[in-house]
file upload-v8.csv (CSV, C-alpha atoms)
chain,number,residue,atom,x,y,z
A,1,MET,CA,112.1,115.9,62.0
A,2,ALA,CA,110.3,118.1,59.5
A,3,GLU,CA,111.2,115.6,56.7
A,4,GLN,CA,109.8,112.7,58.7
A,5,GLN,CA,106.6,114.7,59.1
A,6,VAL,CA,106.4,115.5,55.4
A,7,ALA,CA,107.1,111.8,54.5
A,8,ARG,CA,104.4,110.6,57.0
A,9,GLU,CA,101.8,113.0,55.7
A,10,ALA,CA,102.6,112.1,52.1
A,11,ALA,CA,102.1,108.5,52.9
A,12,GLN,CA,98.9,109.3,54.6
A,13,ALA,CA,97.7,111.3,51.7
A,14,ALA,CA,98.6,108.6,49.3
A,15,ASP,CA,96.4,106.1,51.0
A,16,ALA,CA,93.9,106.3,53.7
A,17,GLY,CA,94.9,102.9,55.2
A,18,PHE,CA,96.4,103.0,58.7
A,19,ALA,CA,99.7,101.1,59.1
A,20,LEU,CA,100.2,99.9,62.6
A,21,GLY,CA,102.3,97.0,63.9
A,22,GLY,CA,103.1,95.8,60.3
A,23,ARG,CA,99.5,95.6,59.3
A,24,THR,CA,97.1,97.9,57.5
A,25,TRP,CA,93.9,98.9,59.1
A,26,CYS,CA,90.8,100.7,57.8
A,27,SER,CA,89.6,102.2,61.1
A,28,ARG,CA,91.7,104.7,63.1
A,29,LEU,CA,89.5,104.2,66.1
A,30,ILE,CA,90.5,101.6,68.7
A,31,VAL,CA,87.9,100.9,71.4
A,32,GLY,CA,88.5,99.6,74.9
A,33,THR,CA,86.0,97.2,76.2
A,34,GLY,CA,86.0,98.3,79.9
A,35,GLY,CA,83.1,100.0,81.6
A,36,PHE,CA,80.2,98.8,79.5
A,37,ARG,CA,77.0,98.1,81.5
A,38,SER,CA,76.3,94.9,79.6
A,39,LEU,CA,77.6,92.7,76.9
A,40,GLU,CA,74.7,93.7,74.7
A,41,SER,CA,75.6,97.3,75.0
A,42,MET,CA,79.2,96.5,74.3
A,43,GLU,CA,78.3,94.5,71.2
A,44,GLN,CA,76.1,97.3,69.7
A,45,ALA,CA,78.8,99.9,70.4
A,46,LEU,CA,81.7,97.8,69.0
A,47,VAL,CA,79.8,97.1,65.8
A,48,THR,CA,78.7,100.8,65.3
A,49,SER,CA,82.2,102.1,66.1
A,50,GLY,CA,83.7,100.3,63.1
A,51,ALA,CA,86.8,99.7,65.2
A,52,GLU,CA,88.8,96.7,64.1
A,53,ILE,CA,91.0,96.6,67.2
A,54,VAL,CA,89.6,96.3,70.7
A,55,THR,CA,91.4,96.0,74.0
A,56,VAL,CA,90.9,93.5,76.8
A,57,ALA,CA,92.5,92.9,80.2
A,58,LEU,CA,93.5,89.8,82.1
A,59,ARG,CA,92.3,89.1,85.6
A,60,ARG,CA,92.0,86.0,87.8
A,61,VAL,CA,89.4,83.6,86.7
A,62,ASP,CA,86.1,84.4,88.3
A,63,PRO,CA,83.9,81.2,88.3
A,64,THR,CA,80.8,83.3,88.9
A,65,ALA,CA,81.3,85.6,85.9
A,66,LYS,CA,78.5,85.6,83.4
A,67,GLY,CA,79.1,85.6,79.7
A,68,SER,CA,82.4,85.9,77.9
A,69,ALA,CA,83.6,89.2,76.6
A,70,LEU,CA,86.2,87.4,74.5
A,71,GLU,CA,83.7,85.1,72.9
A,72,LEU,CA,81.7,88.1,71.8
A,73,ILE,CA,84.8,89.9,70.5
A,74,ASP,CA,85.9,86.8,68.6
A,75,ARG,CA,82.4,86.4,67.1
A,76,LEU,CA,82.5,90.0,65.9
A,77,GLY,CA,85.8,89.3,64.2
A,78,LYS,CA,87.7,92.1,66.1
A,79,PHE,CA,91.4,92.0,66.6
A,80,VAL,CA,92.2,91.5,70.3
A,81,LEU,CA,94.7,93.9,71.8
A,82,PRO,CA,95.5,92.8,75.4
A,83,ASN,CA,96.6,95.4,77.9
A,84,THR,CA,98.6,95.4,81.1
A,85,ALA,CA,96.2,97.6,83.0
A,86,GLY,CA,96.7,97.6,86.8
A,87,CYS,CA,100.5,97.0,86.6
A,88,TYR,CA,102.7,99.3,88.7
A,89,THR,CA,106.1,97.8,87.9
A,90,ALA,CA,108.0,96.8,84.8
A,91,ARG,CA,108.2,93.3,86.2
A,92,ASP,CA,104.5,92.9,86.6
A,93,ALA,CA,103.8,94.4,83.2
A,94,VAL,CA,106.2,92.1,81.5
A,95,ARG,CA,104.7,89.0,83.2
A,96,THR,CA,101.2,90.2,82.3
A,97,ALA,CA,102.3,90.7,78.7
A,98,GLU,CA,103.7,87.2,78.6
A,99,LEU,CA,100.4,85.8,80.0
A,100,ALA,CA,98.5,87.7,77.4
A,101,ARG,CA,100.7,86.3,74.6
A,102,GLU,CA,99.9,82.8,75.9
A,103,ALA,CA,96.2,83.6,76.4
A,104,PHE,CA,95.5,85.2,73.0
A,105,GLU,CA,98.4,83.9,70.8
A,106,THR,CA,99.3,87.5,70.0
A,107,GLU,CA,102.5,89.4,70.2
A,108,TRP,CA,100.6,92.7,70.5
A,109,ILE,CA,100.4,94.4,73.8
A,110,LYS,CA,99.0,97.7,75.0
A,111,LEU,CA,101.6,98.5,77.7
A,112,GLU,CA,100.4,100.3,80.7
A,113,VAL,CA,102.6,100.8,83.8
A,114,ILE,CA,101.0,103.3,86.1
A,115,GLY,CA,102.4,105.3,88.9
A,116,ASP,CA,99.5,105.8,91.2
A,117,ASP,CA,95.9,105.0,91.4
A,118,ARG,CA,94.6,108.5,91.8
A,119,THR,CA,95.9,109.9,88.5
A,120,LEU,CA,96.7,106.6,86.7
A,121,PHE,CA,99.5,108.5,85.1
A,122,PRO,CA,102.2,106.3,83.6
A,123,ASP,CA,105.4,105.7,85.6
A,124,ALA,CA,108.0,106.8,83.0
A,125,VAL,CA,111.0,104.9,84.4
A,126,GLU,CA,109.1,101.6,84.7
A,127,LEU,CA,107.4,102.1,81.4
A,128,ILE,CA,110.7,102.5,79.5
A,129,GLU,CA,112.2,99.4,81.2
A,130,ALA,CA,109.2,97.3,80.4
A,131,ALA,CA,109.1,98.5,76.8
A,132,GLU,CA,112.8,97.6,76.3
A,133,ILE,CA,112.3,94.1,77.7
A,134,LEU,CA,109.1,93.4,75.7
A,135,VAL,CA,110.6,94.7,72.4
A,136,ASP,CA,113.6,92.4,73.1
A,137,GLU,CA,111.1,89.5,73.6
A,138,GLY,CA,109.6,90.2,70.2
A,139,PHE,CA,106.4,91.9,71.3
A,140,THR,CA,104.6,94.6,69.2
A,141,VAL,CA,104.6,97.2,72.0
A,142,LEU,CA,101.9,100.0,72.1
A,143,PRO,CA,102.7,102.0,75.2
A,144,TYR,CA,100.2,104.3,77.0
A,145,THR,CA,102.4,107.2,77.8
A,146,ASN,CA,102.4,110.7,79.2
A,147,ASP,CA,102.0,113.7,76.9
A,148,ASP,CA,105.8,114.2,77.2
A,149,PRO,CA,107.6,114.5,73.8
A,150,ILE,CA,110.9,113.3,75.3
A,151,LEU,CA,109.4,110.2,76.8
A,152,ALA,CA,107.6,109.5,73.6
A,153,ARG,CA,110.9,109.7,71.7
A,154,ARG,CA,112.6,107.4,74.2
A,155,LEU,CA,109.8,104.8,73.7
A,156,GLU,CA,110.1,105.1,69.9
A,157,ASP,CA,113.9,104.6,70.3
A,158,ALA,CA,113.2,101.5,72.4
A,159,GLY,CA,111.5,100.0,69.4
A,160,CYS,CA,107.8,100.5,70.3
A,161,ALA,CA,105.4,100.1,67.3
A,162,ALA,CA,103.5,103.3,68.2
A,163,VAL,CA,103.3,105.9,71.0
A,164,MET,CA,100.0,106.5,72.8
A,165,PRO,CA,100.1,109.7,74.7
A,166,LEU,CA,97.2,110.5,77.1
A,167,GLY,CA,95.0,113.5,76.5
A,168,SER,CA,94.1,113.7,80.2
A,169,PRO,CA,93.7,111.1,83.0
A,170,ILE,CA,92.1,107.8,82.1
A,171,GLY,CA,88.3,108.0,82.5
A,172,SER,CA,88.4,111.7,83.3
A,173,GLY,CA,86.7,112.8,80.0
A,174,ARG,CA,88.7,116.1,80.2
A,175,GLY,CA,89.8,115.9,76.6
A,176,ILE,CA,93.2,117.0,75.4
A,177,ALA,CA,94.8,119.0,78.3
A,178,ASN,CA,97.9,119.9,76.4
A,179,PRO,CA,97.4,120.0,72.6
A,180,ALA,CA,100.7,121.7,72.1
A,181,ASN,CA,102.6,118.7,73.5
A,182,ILE,CA,100.5,116.3,71.4
A,183,GLN,CA,101.5,118.4,68.4
A,184,ILE,CA,105.2,118.2,69.3
A,185,ILE,CA,104.9,114.4,69.7
A,186,VAL,CA,103.3,114.1,66.3
A,187,GLU,CA,105.8,116.4,64.7
A,188,GLN,CA,108.8,114.3,65.8
A,189,ALA,CA,107.4,110.8,65.7
A,190,SER,CA,108.1,108.4,62.9
A,191,VAL,CA,105.8,105.7,64.4
A,192,PRO,CA,102.1,106.1,64.6
A,193,VAL,CA,100.8,108.4,67.4
A,194,ILE,CA,97.5,107.2,69.0
A,195,LEU,CA,95.8,109.5,71.4
A,196,ASP,CA,94.9,107.3,74.4
A,197,ALA,CA,92.9,108.3,77.4
A,198,GLY,CA,90.9,111.4,78.4
A,199,ILE,CA,88.5,111.6,75.5
A,200,GLY,CA,85.1,112.8,76.8
A,201,THR,CA,83.2,113.6,73.7
A,202,ALA,CA,83.3,113.6,69.9
A,203,SER,CA,85.1,117.0,69.6
A,204,ASP,CA,88.0,115.6,71.7
A,205,ALA,CA,88.5,112.8,69.2
A,206,ALA,CA,88.3,115.1,66.2
A,207,LEU,CA,90.8,117.4,67.8
A,208,ALA,CA,93.3,114.5,68.3
A,209,MET,CA,93.1,113.8,64.6
A,210,GLU,CA,93.3,117.4,63.6
A,211,LEU,CA,96.5,117.7,65.7
A,212,GLY,CA,97.9,115.0,63.5
A,213,CYS,CA,97.4,111.8,65.6
A,214,ASP,CA,97.1,108.7,63.5
A,215,GLY,CA,94.4,107.2,65.6
A,216,VAL,CA,92.4,107.4,68.8
A,217,LEU,CA,91.9,104.8,71.6
A,218,LEU,CA,89.0,105.4,73.8
A,219,SER,CA,86.9,103.4,76.2
A,220,SER,CA,85.0,105.2,79.0
A,221,SER,CA,83.6,107.9,76.8
A,222,VAL,CA,81.6,105.4,74.8
A,223,ALA,CA,81.1,102.7,77.5
A,224,ARG,CA,79.8,105.1,80.1
A,225,ALA,CA,77.9,107.4,77.8
A,226,LYS,CA,74.1,107.4,78.4
A,227,ASP,CA,73.7,105.8,75.0
A,228,PRO,CA,76.9,104.0,74.1
A,229,GLU,CA,75.9,102.9,70.7
A,230,ARG,CA,75.0,106.5,69.6
A,231,MET,CA,78.3,107.8,71.1
A,232,ALA,CA,80.2,105.1,69.2
A,233,ALA,CA,78.7,106.4,66.0
A,234,ALA,CA,79.7,110.0,67.1
A,235,MET,CA,83.3,108.9,67.8
A,236,ARG,CA,83.5,107.1,64.5
A,237,GLY,CA,82.4,110.2,62.6
A,238,ALA,CA,84.6,112.4,64.7
A,239,VAL,CA,87.8,110.4,64.0
A,240,GLU,CA,87.0,110.4,60.3
A,241,ALA,CA,86.1,114.1,60.2
A,242,GLY,CA,89.2,115.1,62.2
A,243,TYR,CA,91.4,113.0,59.9
A,244,ALA,CA,89.9,114.4,56.8
A,245,ALA,CA,90.3,118.0,58.1
A,246,ARG,CA,93.9,117.3,58.9
A,247,ARG,CA,94.6,116.1,55.4
A,248,ALA,CA,92.5,118.9,53.9
A,249,GLY,CA,94.8,121.5,55.5
A,250,ARG,CA,93.0,124.0,57.7
A,251,ILE,CA,93.3,127.8,57.1
A,252,ALA,CA,95.7,129.8,59.2
A,253,ARG,CA,94.3,131.5,62.2
A,254,ARG,CA,94.2,135.3,62.0
A,255,PHE,CA,93.2,137.9,64.5
A,256,HIS,CA,91.0,140.1,62.3
A,257,ALA,CA,88.4,139.2,59.8
A,258,GLN,CA,89.1,138.5,56.2
A,259,ALA,CA,86.0,139.0,54.0
A,260,SER,CA,85.1,135.9,52.0
A,261,THR,CA,83.1,138.1,49.5
A,262,PRO,CA,85.0,140.5,47.2
A,263,ASP,CA,84.5,144.3,47.6
A,264,GLU,CA,84.7,144.9,43.9
A,265,GLY,CA,81.4,145.5,42.1
A,266,ILE,CA,79.6,146.4,45.2
A,267,ALA,CA,76.3,148.2,44.4
A,268,ASP,CA,76.1,152.0,45.2
A,269,LEU,CA,72.8,152.3,46.9
A,270,GLY,CA,73.1,156.0,47.5
B,271,MET,CA,99.4,69.0,98.7
B,272,ILE,CA,98.4,72.6,99.3
B,273,VAL,CA,98.9,75.2,96.7
B,274,GLU,CA,98.0,78.9,96.5
B,275,LEU,CA,95.5,79.1,93.7
B,276,ASN,CA,94.6,82.6,92.6
B,277,GLY,CA,95.5,83.8,96.1
B,278,GLN,CA,93.5,81.1,98.0
B,279,ALA,CA,94.9,78.0,99.7
B,280,GLU,CA,93.7,75.0,97.8
B,281,GLN,CA,94.1,71.3,98.4
B,282,LEU,CA,95.0,69.4,95.3
B,283,PRO,CA,95.8,65.6,95.0
B,284,ASP,CA,99.5,64.8,94.9
B,285,GLY,CA,100.7,64.6,91.3
B,286,ALA,CA,98.2,67.3,90.2
B,287,THR,CA,99.2,69.2,87.1
B,288,VAL,CA,98.6,72.7,85.9
B,289,ALA,CA,95.7,71.4,83.8
B,290,ASP,CA,94.1,70.2,87.1
B,291,ALA,CA,94.6,73.6,88.6
B,292,VAL,CA,92.9,75.2,85.6
B,293,LYS,CA,89.9,72.9,86.1
B,294,ALA,CA,89.9,73.6,89.9
B,295,VAL,CA,89.3,77.3,89.3
B,296,GLY,CA,86.3,76.5,87.2
B,297,VAL,CA,87.6,76.7,83.6
B,298,ASN,CA,86.1,73.8,81.6
B,299,GLY,CA,86.2,73.5,77.9
B,300,GLU,CA,87.3,76.6,76.0
B,301,THR,CA,90.6,77.8,77.2
B,302,ARG,CA,91.3,80.5,74.6
B,303,GLY,CA,91.9,83.7,76.6
B,304,VAL,CA,93.2,81.7,79.6
B,305,ALA,CA,96.8,81.7,80.8
B,306,VAL,CA,98.7,80.3,83.7
B,307,ALA,CA,101.7,81.4,85.7
B,308,VAL,CA,103.3,79.1,88.3
B,309,ASP,CA,105.5,81.1,90.7
B,310,GLY,CA,105.5,84.0,88.3
B,311,GLN,CA,106.6,81.9,85.3
B,312,VAL,CA,104.2,81.5,82.4
B,313,VAL,CA,103.4,77.8,81.6
B,314,ARG,CA,102.5,77.3,77.9
B,315,ARG,CA,99.2,75.8,77.2
B,316,ALA,CA,100.8,72.7,75.5
B,317,ASP,CA,102.6,72.0,78.8
B,318,TRP,CA,99.6,72.2,81.2
B,319,VAL,CA,98.9,68.5,81.1
B,320,ASN,CA,102.5,67.4,81.9
B,321,THR,CA,103.6,70.1,84.3
B,322,ARG,CA,103.2,68.7,87.8
B,323,LEU,CA,102.7,71.1,90.7
B,324,ALA,CA,104.6,71.0,94.0
B,325,ASP,CA,103.4,71.8,97.5
B,326,ARG,CA,103.1,75.5,98.2
B,327,GLN,CA,103.5,76.7,94.7
B,328,ALA,CA,101.6,79.8,93.8
B,329,ILE,CA,99.4,79.4,90.7
B,330,GLU,CA,97.7,82.3,88.9
B,331,VAL,CA,95.0,81.4,86.4
B,332,VAL,CA,93.8,84.4,84.4
B,333,ARG,CA,91.4,85.0,81.6
B,334,ALA,CA,90.2,87.8,79.4
B,335,VAL,CA,87.9,90.4,81.0
B,336,GLN,CA,86.6,93.7,79.7
B,337,GLY,CA,89.2,96.4,80.0
B,338,GLY,CA,90.3,99.7,78.4
call {"tool": "encode", "arguments": {"input": "upload-v8.csv", "output": "structure tokens"}}
result
Amino acid sequence: MAEQQVAREAAQAADAGFALGGRTWCSRLIVGTGGFRSLESMEQALVTSGAEIVTVALRRVDPTAKGSALELIDRLGKFVLPNTAGCYTARDAVRTAELAREAFETEWIKLEVIGDDRTLFPDAVELIEAAEILVDEGFTVLPYTNDDPILARRLEDAGCAAVMPLGSPIGSGRGIANPANIQIIVEQASVPVILDAGIGTASDAALAMELGCDGVLLSSSVARAKDPERMAAAMRGAVEAGYAARRAGRIARRFHAQASTPDEGIADLG
Amino acid sequence: MIVELNGQAEQLPDGATVADAVKAVGVNGETRGVAVAVDGQVVRRADWVNTRLADRQAIEVVRAVQGG
């Protein structure tokens, strides 16, 4: 495990590119498109975020819907990552992924299989089952998962291209509730770890990167901010700063002070 | 024939295809981001025009929406 960690960090240090799903990306920030108050607001935020990958969902065609989110995303040249939001069973999630593959001509899927609508926590049993089926079908599976290191390992063993543990419940803005677990997931993973869900503000995104995550996926924190464009800029900076800090190697925490100015040569002022 | 189109009963002419169902829900022109399942099975875009529907089949026509 420690060797994997060293190898991963060496690779990260050697180049700042972000390898995910067999491709190399420049931005480590993935932005969800849900929750924006208008397409204009979404456009400004997506551009400012610098994100290359953005998520979309699939729903029944609504003939009264105005404007096309997909048209906008395509025009901005973003890579579309469809999700299976709203699925409660492996069966539904697999069907939704298959629909997404047809709709967007992509093998990539953000796999979400949730357990209940109050917490939106993943259903571990259904999630593993869906991941195994989709990997078999040739999908590049990015599962939204609990902050459970064992489940993360099982998803990696199933062949997922990344693991995406939650920081706290979707849309809650509570940040990273269990940083220690995220650290354990990072320590043992040999696929990218992307902190997905719960981000409230920039410091949460920075912390995710400082803990060693390879990327951050967020949606509500930008889309529902008072000023989404400004928050997108903040998140972009936070992910970059957190990543830089991780690579720089922070000082150890100590209980007492350690002077940064030497004592020698101090003037005797009587 | 009567089919269930996106959860609603819908009258379609006999011999109607998946492509007709897609038009019936209001998708005209651009179909990127649109996908169809008939009785839970995905029908590939290339097969829309030659896949005939049968009475009482359930058709789901979905498209991209904003989502996290």
call {"tool": "residues_around", "arguments": {"input": "upload-v8.csv", "residues": "B:Ala334", "least_positions_apart": "6", "cutoff": "9 Å", "atoms": "only C-alpha atoms", "output": "VMD selection string"}}
result
(chain A and resid 56 to 61 68 to 70 82 100 103 to 104) or (chain B and resid 302 to 304)
call {"tool": "interface_residues", "arguments": {"input": "upload-v8.csv", "of": "chain B", "to": "chain A", "cutoff": "8 Å", "atoms": "all atoms listed in the file", "output": "list in words"}}
result
Asn276, Val295, Gly296, Val297, Arg302, Gly303, Val304, Ala305, Val306, Ala307, Gly310, Gln311, Val312, Arg314, Arg315, Glu330, Val331, Val332, Arg333, Ala334, Val335, Gln336, Gly337 and Gly338 of chain B
call {"tool": "residues_around", "arguments": {"input": "upload-v8.csv", "residues": "stretch 242-258 of chain A", "least_positions_apart": "4", "cutoff": "9 Å", "atoms": "all atoms listed in the file", "output": "list in words"}}
result
Glu9, Gln12, Ala13, Arg28, Ser203, Ala205, Ala206, Leu207, Ala208, Met209, Glu210, Leu211, Gly212, Cys213, Asp214, Gly215, Gly237 and Ala238 of chain A
call {"tool": "atom_distance", "arguments": {"input": "upload-v8.csv", "atom1": "atom CA of A:Ile199", "atom2": "atom CA of A:Gly175"}}
result
4.6 Å
call {"tool": "residues_around", "arguments": {"input": "upload-v8.csv", "residues": "B:Ala289", "least_positions_apart": "6", "cutoff": "9 Å", "atoms": "only C-alpha atoms", "output": "tab-separated table (two decimals) with C-alpha atoms, keeping the file's coordinate frame"}}
result
chain	number	residue	atom	x	y	z
B	315	ARG	CA	99.20	75.80	77.20
B	317	ASP	CA	102.60	72.00	78.80
B	318	TRP	CA	99.60	72.20	81.20
B	319	VAL	CA	98.90	68.50	81.10
B	320	ASN	CA	102.50	67.40	81.90
B	321	THR	CA	103.60	70.10	84.30
B	322	ARG	CA	103.20	68.70	87.80
